Amino acid sequence: MGPYQPEERLIHTSVAGFAKVNSSIRYGLRAMTLRLYNTLTRTKEEFVPLQGRRVKMFVCGITPYDHTHVGHARTYVSFDVVARYLTHRGYSLFYLQNVTDVDDRILNRAPEVKVPWDELGDVYLADYLKIMEALNVTSVNLYAKATDYIPEIIEQVEALVNGGYGYQVDGDVFYQVSKFQDFGKLSGVKLEELRSGARVEVDKRKRDPQDFALWKAKKPGEPSWESPWGPGRPGWHIEDTAISIANFGPQYDIHGAGSDLIFPHHEAEIAQAEPFTGAKPFVKYWMHTGFVVIKGERMGKSLGNIIPVKDLLEKYDPDVLRFFLVYTQYRSPIDFTYESLEEAQRAYGRIRDALDRARAEMPDAKERKGAGDKELREAISTASQDFFGAMDDDFNTREALAALFRLTGVFNTALDRGLSVGSLQEFLDTFETQSGILGLFRKPVGAVTDLVEGLVGLLIRMREDARRSKDYETSDWIRQELAQLGVELQDTSKGPKWRLS
Ligand SMILES: [Zn+2]
């Protein structure tokens, strides 16, 4: 199946999805361009993929040696939204993420916890994937482990050594940064300034303090692979270029990660890839997420202030945590406090309540016109324009959510005036499309099935019968039993309503 255009989708949309067709038409006519901030050029640029409508995106993955924390979740939820939006816009996306499954941090931690290094990696990779699933991160096409790409890594190191970019010392291979004229073009870091500052502990065997390891000689007790330089293992930066070039070829569209990886990691990637392939630029758009800040400091394992996602999920719905993360545009820092998380939970609840109300009203809604229809339809049209306008402006999820909030407000007043089935459905469809792009407001786990709906309806009718024959003992008993099961009954002027409490 080739890449498809949004217009093609219209043809396949069923009549039931009429509202979606409408918003797509509006959207198509406006012919908005998607703009994103490129760290490489330090400007917002129009997004034009290298090859038609195919998009290749690589995001730096985890080093599985400890629990996934909120800083990770922020980055991966952000790129999941990017992926969902690109797909919604009709791009055919391949989203690749690496897994650094052999690394100093794993090899140091393994003996501390008395677990073989590869088992440690497997445990924390599984932990990470479980958390990604809970957070509804579903867009990654391939998680590629570094240890599965050793031949490609060796091939690249060898080519860099042969080209004069790498040099060997005692089984280690270093990259000579002074050989690469463009070193610093992504980060703006100047080599001369680094040399004068004594920031780096100097390994005397390096020609320049900024030279970095392409290949590391085996130390006692470490895992190793055979290479032209003796047994050893890959340096950190080379695994990304080996994995991305093996899967994507010499150039690709988007490279994403947290901002902490711009220097030296991403600078090193460019320095490896461009001389290796001869193609420039290695990556067209570099996207970096802002930090999660806690008490004024970046959340990071090395800073000792991380909050594991699993701890938050004991208390908060994963959908609420995702909402909290998406509530800030991906490049802005998130100041993490429990108060702001509680605030997000309340804001989330306001939208969730409106959606629940809309679904609950459906069976009683008017077949034809409702007094609030016009107002709601206008608000839906405005909200769609605002939502897509915000997403087209460097994935501004904060503004996109603001549009959904405004729509929710209008919905609540329009509903009090009365809504028809058609406009309720249009409201729900709009929400489904737009919250689907943000990966939010999934139906709750254990959502009401038709069977549950039917059975609860049956019990309510039995209770009504009991009340009519003044058998209040039975009617109260049914109400209490339902409450015990989490079904909350409300007697309204239009008859009894229920919802899950
Ligand atoms: Zn990386």
# chains A, B, ... in the order shown; residues from 1 in each chain; ligands from 1

call {"tool": "residues_near_ligand", "arguments": {"ligand": "ligand 1", "cutoff": "7 Å", "atoms": "only C-alpha atoms and all ligand atoms", "output": "VMD selection string"}}
result
chain A and resid 60 to 61 237 240 265

call {"tool": "select_by_dssp", "arguments": {"residues": "segment 361-397 of chain A", "states": "helix (DSSP H, G or I)", "output": "mmCIF file with C-alpha atoms, in the first residue's frame"}}
result
data_model
loop_
_atom_site.group_PDB
_atom_site.id
_atom_site.type_symbol
_atom_site.label_atom_id
_atom_site.label_comp_id
_atom_site.auth_asym_id
_atom_site.auth_seq_id
_atom_site.Cartn_x
_atom_site.Cartn_y
_atom_site.Cartn_z
ATOM 1 C CA GLU A 361 -27.556 12.022 26.164
ATOM 2 C CA MET A 362 -27.476 10.222 22.833
ATOM 3 C CA PRO A 363 -30.465 7.898 23.436
ATOM 4 C CA ASP A 364 -32.675 10.806 24.547
ATOM 5 C CA ASP A 373 -27.427 22.829 17.523
ATOM 6 C CA LYS A 374 -26.363 25.958 15.655
ATOM 7 C CA GLU A 375 -24.206 27.220 18.473
ATOM 8 C CA LEU A 376 -22.489 23.841 18.869
ATOM 9 C CA ARG A 377 -21.910 23.339 15.135
ATOM 10 C CA GLU A 378 -20.272 26.747 14.854
ATOM 11 C CA ALA A 379 -18.090 25.974 17.854
ATOM 12 C CA ILE A 380 -17.070 22.636 16.313
ATOM 13 C CA SER A 381 -16.021 24.370 13.114
ATOM 14 C CA THR A 382 -13.982 26.973 15.009
ATOM 15 C CA ALA A 383 -12.422 24.374 17.289
ATOM 16 C CA SER A 384 -11.336 22.246 14.318
ATOM 17 C CA GLN A 385 -9.665 25.197 12.636
ATOM 18 C CA ASP A 386 -7.960 26.213 15.856
ATOM 19 C CA PHE A 387 -6.906 22.660 16.654
ATOM 20 C CA PHE A 388 -5.292 21.968 13.280
ATOM 21 C CA GLY A 389 -3.835 25.462 13.101
ATOM 22 C CA ALA A 390 -2.124 24.849 16.446
ATOM 23 C CA MET A 391 -0.843 21.405 15.451
ATOM 24 C CA ASP A 392 0.495 22.818 12.182
ATOM 25 C CA THR A 397 -0.528 20.699 21.727
#

call {"tool": "closest_residue", "arguments": {"among": "A:Val456, A:Ala360, A:Val293, A:Leu401", "to": "Arg74 of chain A", "atoms": "only C-alpha atoms"}}
result
A:Val293

call {"tool": "atom_distance", "arguments": {"atom1": "atom CA of Lys44 of chain A", "atom2": "atom CA of Arg84 of chain A"}}
result
19.9 Å

call {"tool": "residues_around", "arguments": {"residues": "Lys145 of chain A", "least_positions_apart": "4", "cutoff": "9 Å", "atoms": "only C-alpha atoms", "output": "short mmCIF file (atom, residue, chain, number, x, y, z; two decimals) with N, CA, C and O atoms, in the first residue's frame"}}
result
data_model
loop_
_atom_site.label_atom_id
_atom_site.label_comp_id
_atom_site.auth_asym_id
_atom_site.auth_seq_id
_atom_site.Cartn_x
_atom_site.Cartn_y
_atom_site.Cartn_z
N GLN A 97 13.10 3.49 16.68
CA GLN A 97 13.72 3.88 17.95
C GLN A 97 14.78 2.84 18.31
O GLN A 97 14.54 1.64 18.15
N ASN A 98 15.92 3.31 18.76
CA ASN A 98 16.97 2.36 19.15
C ASN A 98 16.86 2.01 20.63
O ASN A 98 16.19 2.70 21.40
N VAL A 99 17.50 0.92 21.01
CA VAL A 99 17.60 0.54 22.41
C VAL A 99 19.08 0.31 22.69
O VAL A 99 19.70 -0.55 22.07
N THR A 100 19.65 1.13 23.57
CA THR A 100 21.08 1.01 23.90
C THR A 100 21.23 -0.13 24.90
O THR A 100 21.25 0.10 26.11
N ASP A 101 21.30 -1.35 24.38
CA ASP A 101 21.27 -2.49 25.30
C ASP A 101 22.66 -2.98 25.72
O ASP A 101 22.77 -3.98 26.43
N VAL A 102 23.73 -2.28 25.28
CA VAL A 102 25.03 -2.52 25.88
C VAL A 102 25.68 -1.14 26.06
O VAL A 102 25.75 -0.35 25.13
N TYR A 149 23.10 -4.95 15.77
CA TYR A 149 23.69 -4.21 14.64
C TYR A 149 25.22 -4.14 14.74
O TYR A 149 25.83 -3.22 14.21
N GLU A 239 26.08 3.54 17.54
CA GLU A 239 24.96 2.61 17.38
C GLU A 239 23.79 3.30 16.66
O GLU A 239 23.10 2.69 15.86
N ILE A 243 22.23 1.92 13.21
CA ILE A 243 20.83 1.48 13.15
C ILE A 243 20.04 2.33 12.15
O ILE A 243 19.27 1.80 11.35
#

call {"tool": "atom_distance", "arguments": {"atom1": "atom CA of Gly230 of chain A", "atom2": "atom CA of Ala159 of chain A"}}
result
16.3 Å

call {"tool": "select_by_dssp", "arguments": {"residues": "segment 288-384 of chain A", "states": "strand (DSSP E or B)", "output": "MDAnalysis selection string"}}
result
chainID A and resid 288:289 292:294 297:298 308 334:335 366

call {"tool": "write_last_selection", "arguments": {"atoms": "C-alpha atoms", "output": "JSON list (two decimals), in the first residue's frame"}}
result
[["chain", "number", "residue", "atom", "x", "y", "z"],
["A", 288, "HIS", "CA", 14.32, 18.29, 20.60],
["A", 289, "THR", "CA", 11.96, 18.16, 23.56],
["A", 292, "VAL", "CA", 11.04, 18.14, 32.76],
["A", 293, "VAL", "CA", 12.11, 20.38, 35.62],
["A", 294, "ILE", "CA", 11.65, 19.56, 39.28],
["A", 297, "GLU", "CA", 16.52, 21.35, 38.15],
["A", 298, "ARG", "CA", 16.27, 19.08, 35.14],
["A", 308, "PRO", "CA", 9.55, 6.81, 38.07],
["A", 334, "ILE", "CA", 7.50, 21.22, 32.11],
["A", 335, "ASP", "CA", 7.73, 22.25, 35.74],
["A", 366, "LYS", "CA", -34.02, 14.81, 19.52]]

call {"tool": "closest_residue", "arguments": {"among": "A:Pro231, A:Pro496, A:Gly422, A:Gly184", "to": "Ala217 of chain A", "atoms": "only C-alpha atoms"}}
result
A:Pro231

call {"tool": "residues_around", "arguments": {"residues": "Val77 of chain A", "least_positions_apart": "2", "cutoff": "8 Å", "atoms": "only C-alpha atoms", "output": "PyMOL selection string"}}
result
chain A and resi 73-75+79-81+135+137+322+325-326

call {"tool": "closest_residue", "arguments": {"among": "A:Ile254, A:Ala246, A:Val140, A:Leu191", "to": "Glu155 of chain A", "atoms": "only C-alpha atoms"}}
result
A:Ala246

call {"tool": "closest_residue", "arguments": {"among": "A:Gln484, A:Gln51, A:Asn136, A:Asn412", "to": "Arg442 of chain A", "atoms": "only C-alpha atoms"}}
result
A:Asn136

call {"tool": "residues_around", "arguments": {"residues": "Gln181 of chain A", "least_positions_apart": "4", "cutoff": "12 Å", "atoms": "only C-alpha atoms", "output": "list in words"}}
result
Tyr165, Gln176, Val177, Lys185, Lys190, Leu191, Glu267, Ile270, Ala271, Glu274 and Pro275 of chain A

call {"tool": "write_last_selection", "arguments": {"atoms": "N, CA, C and O atoms", "output": "short mmCIF file (atom, residue, chain, number, x, y, z; two decimals), in the first residue's frame"}}
result
data_model
loop_
_atom_site.label_atom_id
_atom_site.label_comp_id
_atom_site.auth_asym_id
_atom_site.auth_seq_id
_atom_site.Cartn_x
_atom_site.Cartn_y
_atom_site.Cartn_z
N TYR A 165 39.18 9.58 9.80
CA TYR A 165 38.37 10.22 10.85
C TYR A 165 38.51 9.51 12.20
O TYR A 165 38.18 10.06 13.23
N GLN A 176 38.27 11.51 15.55
CA GLN A 176 39.06 12.74 15.65
C GLN A 176 38.22 13.93 15.20
O GLN A 176 38.06 14.18 13.99
N VAL A 177 37.71 14.68 16.16
CA VAL A 177 36.74 15.74 15.83
C VAL A 177 37.34 16.85 14.95
O VAL A 177 36.63 17.46 14.15
N LYS A 185 27.98 22.20 14.20
CA LYS A 185 26.95 22.92 13.43
C LYS A 185 25.55 22.76 14.01
O LYS A 185 24.71 23.64 13.84
N LYS A 190 31.58 25.53 20.04
CA LYS A 190 32.84 25.76 19.31
C LYS A 190 33.96 24.97 19.98
O LYS A 190 34.14 25.04 21.20
N LEU A 191 34.70 24.24 19.15
CA LEU A 191 35.77 23.38 19.69
C LEU A 191 36.80 24.18 20.48
O LEU A 191 37.25 23.74 21.54
N GLU A 267 25.70 15.75 17.78
CA GLU A 267 26.84 16.30 17.02
C GLU A 267 27.72 15.16 16.53
O GLU A 267 28.17 15.15 15.37
N ILE A 270 26.23 13.26 13.52
CA ILE A 270 26.44 13.93 12.23
C ILE A 270 27.88 13.72 11.77
O ILE A 270 28.14 13.43 10.60
N ALA A 271 28.81 13.84 12.73
CA ALA A 271 30.24 13.71 12.40
C ALA A 271 30.57 12.29 11.91
O ALA A 271 31.50 12.11 11.12
N GLU A 274 27.95 11.76 8.10
CA GLU A 274 28.19 12.51 6.85
C GLU A 274 29.48 12.07 6.16
O GLU A 274 29.46 11.87 4.94
N PRO A 275 30.60 11.89 6.87
CA PRO A 275 31.78 11.36 6.17
C PRO A 275 31.58 9.90 5.71
O PRO A 275 32.09 9.50 4.68
#

call {"tool": "atom_distance", "arguments": {"atom1": "atom CA of Tyr37 of chain A", "atom2": "atom CA of Arg89 of chain A"}}
result
17.7 Å

call {"tool": "residues_around", "arguments": {"residues": "segment 186-189 of chain A", "least_positions_apart": "2", "cutoff": "10 Å", "atoms": "only C-alpha atoms", "output": "short mmCIF file (atom, residue, chain, number, x, y, z; two decimals) with all heavy atoms, in the first residue's frame"}}
result
data_model
loop_
_atom_site.label_atom_id
_atom_site.label_comp_id
_atom_site.auth_asym_id
_atom_site.auth_seq_id
_atom_site.Cartn_x
_atom_site.Cartn_y
_atom_site.Cartn_z
N ASN A 38 13.37 23.50 13.66
CA ASN A 38 14.53 22.66 13.35
C ASN A 38 15.74 23.17 14.14
O ASN A 38 16.19 24.30 13.93
CB ASN A 38 14.80 22.75 11.84
CG ASN A 38 15.87 21.78 11.38
OD1 ASN A 38 16.50 21.09 12.19
ND2 ASN A 38 16.08 21.71 10.07
N THR A 39 16.24 22.34 15.04
CA THR A 39 17.40 22.75 15.85
C THR A 39 18.60 23.09 14.97
O THR A 39 19.39 23.98 15.30
CB THR A 39 17.78 21.61 16.83
OG1 THR A 39 16.62 21.20 17.55
CG2 THR A 39 18.84 22.05 17.83
N LEU A 40 18.71 22.41 13.83
CA LEU A 40 19.85 22.62 12.95
C LEU A 40 19.88 24.03 12.37
O LEU A 40 20.93 24.65 12.26
CB LEU A 40 19.81 21.58 11.81
CG LEU A 40 21.00 21.55 10.85
CD1 LEU A 40 22.29 21.18 11.58
CD2 LEU A 40 20.74 20.54 9.72
N THR A 41 18.72 24.55 11.99
CA THR A 41 18.68 25.89 11.38
C THR A 41 18.19 26.94 12.37
O THR A 41 18.19 28.13 12.06
CB THR A 41 17.73 25.90 10.16
OG1 THR A 41 16.43 25.47 10.60
CG2 THR A 41 18.21 24.97 9.07
N ARG A 42 17.76 26.49 13.54
CA ARG A 42 17.25 27.38 14.60
C ARG A 42 16.07 28.22 14.11
O ARG A 42 15.91 29.37 14.51
CB ARG A 42 18.36 28.28 15.15
CG ARG A 42 19.42 27.49 15.92
CD ARG A 42 20.71 28.26 16.10
NE ARG A 42 21.74 27.42 16.68
CZ ARG A 42 22.47 26.53 16.00
NH1 ARG A 42 22.27 26.35 14.69
NH2 ARG A 42 23.37 25.80 16.58
N ASP A 182 32.51 20.46 10.03
CA ASP A 182 31.19 20.90 10.48
C ASP A 182 30.91 20.58 11.95
O ASP A 182 29.78 20.78 12.40
CB ASP A 182 30.11 20.23 9.62
CG ASP A 182 29.94 20.93 8.28
OD1 ASP A 182 30.42 22.08 8.16
OD2 ASP A 182 29.35 20.32 7.37
N PHE A 183 31.90 20.10 12.67
CA PHE A 183 31.63 19.72 14.07
C PHE A 183 31.17 20.95 14.85
O PHE A 183 31.86 21.96 14.89
CB PHE A 183 32.88 19.11 14.72
CG PHE A 183 32.56 18.35 15.98
CD1 PHE A 183 32.10 17.04 15.92
CD2 PHE A 183 32.68 18.96 17.22
CE1 PHE A 183 31.79 16.34 17.07
CE2 PHE A 183 32.35 18.26 18.39
CZ PHE A 183 31.91 16.95 18.31
N GLY A 184 29.99 20.85 15.44
CA GLY A 184 29.42 21.98 16.18
C GLY A 184 28.27 22.64 15.44
O GLY A 184 27.63 23.54 15.97
N LEU A 191 34.70 24.24 19.15
CA LEU A 191 35.77 23.38 19.69
C LEU A 191 36.80 24.18 20.48
O LEU A 191 37.25 23.74 21.54
CB LEU A 191 36.46 22.63 18.57
CG LEU A 191 35.82 21.29 18.14
CD1 LEU A 191 36.62 20.66 17.03
CD2 LEU A 191 35.70 20.35 19.33
N GLU A 192 37.16 25.36 19.95
CA GLU A 192 38.20 26.17 20.62
C GLU A 192 37.77 26.50 22.05
O GLU A 192 38.58 26.44 22.98
CB GLU A 192 38.46 27.49 19.87
CG GLU A 192 38.77 27.36 18.39
CD GLU A 192 37.52 27.13 17.56
OE1 GLU A 192 36.64 28.00 17.57
OE2 GLU A 192 37.40 26.06 16.91
N GLU A 193 36.45 26.83 22.19
CA GLU A 193 35.97 27.19 23.52
C GLU A 193 36.03 26.00 24.46
O GLU A 193 36.36 26.13 25.63
CB GLU A 193 34.53 27.70 23.43
CG GLU A 193 34.47 29.12 22.90
CD GLU A 193 33.06 29.54 22.49
OE1 GLU A 193 32.09 28.90 22.95
OE2 GLU A 193 32.94 30.49 21.69
N LEU A 194 35.71 24.83 23.92
CA LEU A 194 35.75 23.63 24.75
C LEU A 194 37.18 23.32 25.18
O LEU A 194 37.43 22.90 26.29
CB LEU A 194 35.20 22.43 23.98
CG LEU A 194 33.69 22.38 23.82
CD1 LEU A 194 33.31 21.17 23.00
CD2 LEU A 194 33.00 22.32 25.19
N LEU A 261 20.53 15.72 24.64
CA LEU A 261 21.34 14.89 23.74
C LEU A 261 21.92 15.64 22.54
O LEU A 261 22.62 15.07 21.72
CB LEU A 261 20.52 13.69 23.25
CG LEU A 261 20.05 12.72 24.36
CD1 LEU A 261 19.40 11.48 23.74
CD2 LEU A 261 21.20 12.29 25.26
N ILE A 262 21.64 16.94 22.45
CA ILE A 262 22.13 17.69 21.28
C ILE A 262 23.66 17.64 21.23
O ILE A 262 24.25 17.34 20.19
CB ILE A 262 21.66 19.17 21.33
CG1 ILE A 262 20.13 19.24 21.29
CG2 ILE A 262 22.26 19.96 20.16
CD1 ILE A 262 19.57 20.64 21.50
N PHE A 263 24.27 17.90 22.36
CA PHE A 263 25.73 17.84 22.44
C PHE A 263 26.15 16.98 23.61
O PHE A 263 25.63 17.14 24.69
CB PHE A 263 26.34 19.25 22.62
CG PHE A 263 27.83 19.24 22.52
CD1 PHE A 263 28.46 19.35 21.29
CD2 PHE A 263 28.60 19.06 23.67
CE1 PHE A 263 29.85 19.31 21.21
CE2 PHE A 263 29.99 19.02 23.57
CZ PHE A 263 30.60 19.13 22.34
N PRO A 264 27.10 16.07 23.43
CA PRO A 264 27.79 15.79 22.18
C PRO A 264 27.11 14.74 21.29
O PRO A 264 27.53 14.53 20.16
CB PRO A 264 29.13 15.23 22.68
CG PRO A 264 28.80 14.53 23.96
CD PRO A 264 27.65 15.30 24.57
N HIS A 266 24.30 14.11 19.44
CA HIS A 266 23.81 14.30 18.07
C HIS A 266 24.87 14.93 17.16
O HIS A 266 24.92 14.67 15.96
CB HIS A 266 22.51 15.11 18.08
CG HIS A 266 21.40 14.34 18.73
ND1 HIS A 266 20.26 14.95 19.20
CD2 HIS A 266 21.26 13.02 19.00
CE1 HIS A 266 19.47 14.02 19.74
NE2 HIS A 266 20.05 12.85 19.62
N GLU A 267 25.70 15.75 17.78
CA GLU A 267 26.84 16.30 17.02
C GLU A 267 27.72 15.16 16.53
O GLU A 267 28.17 15.15 15.37
CB GLU A 267 27.63 17.22 17.97
CG GLU A 267 28.40 18.30 17.30
CD GLU A 267 27.51 19.39 16.73
OE1 GLU A 267 26.96 20.21 17.49
OE2 GLU A 267 27.38 19.42 15.49
N ALA A 268 27.94 14.21 17.41
CA ALA A 268 28.77 13.04 17.07
C ALA A 268 28.13 12.21 15.96
O ALA A 268 28.80 11.73 15.05
CB ALA A 268 29.01 12.18 18.31
N ILE A 270 26.23 13.26 13.52
CA ILE A 270 26.44 13.93 12.23
C ILE A 270 27.88 13.72 11.77
O ILE A 270 28.14 13.43 10.60
CB ILE A 270 26.13 15.45 12.36
CG1 ILE A 270 24.64 15.66 12.66
CG2 ILE A 270 26.52 16.20 11.07
CD1 ILE A 270 24.28 17.11 12.98
N TRP A 286 15.95 18.31 12.87
CA TRP A 286 16.29 17.84 14.22
C TRP A 286 15.30 18.44 15.20
O TRP A 286 15.16 19.67 15.29
CB TRP A 286 17.71 18.28 14.60
CG TRP A 286 18.78 17.55 13.85
CD1 TRP A 286 19.25 17.84 12.60
CD2 TRP A 286 19.51 16.39 14.30
NE1 TRP A 286 20.24 16.93 12.25
CE2 TRP A 286 20.42 16.05 13.28
CE3 TRP A 286 19.50 15.64 15.48
CZ2 TRP A 286 21.31 14.97 13.38
CZ3 TRP A 286 20.37 14.56 15.59
CH2 TRP A 286 21.26 14.22 14.54
#

call {"tool": "residues_around", "arguments": {"residues": "Val55 of chain A", "least_positions_apart": "2", "cutoff": "8 Å", "atoms": "only C-alpha atoms", "output": "count of residues only"}}
result
12

call {"tool": "closest_residue", "arguments": {"among": "A:Thr43, A:Thr63, A:Ser78, A:Asn141", "to": "Ala126 of chain A", "atoms": "only C-alpha atoms"}}
result
A:Thr63

call {"tool": "closest_residue", "arguments": {"among": "A:Ser501, A:Val59, A:Pro64, A:Asp104", "to": "Ala83 of chain A", "atoms": "only C-alpha atoms"}}
result
A:Val59

call {"tool": "decode", "arguments": {"residues": "segment 461-480 of chain A", "atoms": "N, CA and C atoms", "output": "PDB file, in the first residue's frame"}}
result
ATOM      1  N   ARG A 461     -35.332  -0.424  34.769  1.00  0.00           N
ATOM      2  CA  ARG A 461     -36.769  -0.569  34.473  1.00  0.00           C
ATOM      3  C   ARG A 461     -37.476  -1.346  35.593  1.00  0.00           C
ATOM      4  N   MET A 462     -36.810  -2.383  36.146  1.00  0.00           N
ATOM      5  CA  MET A 462     -37.395  -3.132  37.259  1.00  0.00           C
ATOM      6  C   MET A 462     -37.581  -2.221  38.473  1.00  0.00           C
ATOM      7  N   ARG A 463     -36.610  -1.332  38.679  1.00  0.00           N
ATOM      8  CA  ARG A 463     -36.711  -0.417  39.811  1.00  0.00           C
ATOM      9  C   ARG A 463     -37.882   0.558  39.606  1.00  0.00           C
ATOM     10  N   GLU A 464     -38.027   1.006  38.350  1.00  0.00           N
ATOM     11  CA  GLU A 464     -39.137   1.912  38.036  1.00  0.00           C
ATOM     12  C   GLU A 464     -40.478   1.231  38.293  1.00  0.00           C
ATOM     13  N   ASP A 465     -40.573  -0.035  37.881  1.00  0.00           N
ATOM     14  CA  ASP A 465     -41.809  -0.796  38.113  1.00  0.00           C
ATOM     15  C   ASP A 465     -42.105  -0.882  39.608  1.00  0.00           C
ATOM     16  N   ALA A 466     -41.056  -1.183  40.376  1.00  0.00           N
ATOM     17  CA  ALA A 466     -41.231  -1.318  41.831  1.00  0.00           C
ATOM     18  C   ALA A 466     -41.708   0.000  42.420  1.00  0.00           C
ATOM     19  N   ARG A 467     -41.127   1.100  41.917  1.00  0.00           N
ATOM     20  CA  ARG A 467     -41.528   2.406  42.458  1.00  0.00           C
ATOM     21  C   ARG A 467     -42.976   2.722  42.129  1.00  0.00           C
ATOM     22  N   ARG A 468     -43.336   2.370  40.874  1.00  0.00           N
ATOM     23  CA  ARG A 468     -44.716   2.650  40.462  1.00  0.00           C
ATOM     24  C   ARG A 468     -45.723   1.892  41.328  1.00  0.00           C
ATOM     25  N   SER A 469     -45.344   0.656  41.730  1.00  0.00           N
ATOM     26  CA  SER A 469     -46.268  -0.098  42.599  1.00  0.00           C
ATOM     27  C   SER A 469     -45.946   0.142  44.084  1.00  0.00           C
ATOM     28  N   LYS A 470     -45.222   1.247  44.334  1.00  0.00           N
ATOM     29  CA  LYS A 470     -44.923   1.699  45.703  1.00  0.00           C
ATOM     30  C   LYS A 470     -44.160   0.658  46.536  1.00  0.00           C
ATOM     31  N   ASP A 471     -43.424  -0.206  45.851  1.00  0.00           N
ATOM     32  CA  ASP A 471     -42.574  -1.171  46.561  1.00  0.00           C
ATOM     33  C   ASP A 471     -41.194  -0.526  46.749  1.00  0.00           C
ATOM     34  N   TYR A 472     -41.128   0.424  47.668  1.00  0.00           N
ATOM     35  CA  TYR A 472     -39.895   1.205  47.823  1.00  0.00           C
ATOM     36  C   TYR A 472     -38.745   0.377  48.377  1.00  0.00           C
ATOM     37  N   GLU A 473     -39.094  -0.694  49.089  1.00  0.00           N
ATOM     38  CA  GLU A 473     -38.031  -1.555  49.623  1.00  0.00           C
ATOM     39  C   GLU A 473     -37.201  -2.124  48.466  1.00  0.00           C
ATOM     40  N   THR A 474     -37.912  -2.649  47.472  1.00  0.00           N
ATOM     41  CA  THR A 474     -37.219  -3.236  46.325  1.00  0.00           C
ATOM     42  C   THR A 474     -36.481  -2.159  45.515  1.00  0.00           C
ATOM     43  N   SER A 475     -37.154  -1.008  45.285  1.00  0.00           N
ATOM     44  CA  SER A 475     -36.506   0.010  44.445  1.00  0.00           C
ATOM     45  C   SER A 475     -35.245   0.547  45.123  1.00  0.00           C
ATOM     46  N   ASP A 476     -35.285   0.735  46.443  1.00  0.00           N
ATOM     47  CA  ASP A 476     -34.088   1.202  47.147  1.00  0.00           C
ATOM     48  C   ASP A 476     -32.990   0.138  47.130  1.00  0.00           C
ATOM     49  N   TRP A 477     -33.414  -1.091  47.253  1.00  0.00           N
ATOM     50  CA  TRP A 477     -32.443  -2.186  47.249  1.00  0.00           C
ATOM     51  C   TRP A 477     -31.695  -2.246  45.892  1.00  0.00           C
ATOM     52  N   ILE A 478     -32.442  -2.117  44.800  1.00  0.00           N
ATOM     53  CA  ILE A 478     -31.803  -2.143  43.471  1.00  0.00           C
ATOM     54  C   ILE A 478     -30.822  -0.985  43.346  1.00  0.00           C
ATOM     55  N   ARG A 479     -31.244   0.190  43.806  1.00  0.00           N
ATOM     56  CA  ARG A 479     -30.376   1.362  43.738  1.00  0.00           C
ATOM     57  C   ARG A 479     -29.078   1.136  44.516  1.00  0.00           C
ATOM     58  N   GLN A 480     -29.210   0.549  45.725  1.00  0.00           N
ATOM     59  CA  GLN A 480     -28.021   0.314  46.552  1.00  0.00           C
ATOM     60  C   GLN A 480     -27.100  -0.730  45.922  1.00  0.00           C
TER      61      GLN A 480
END
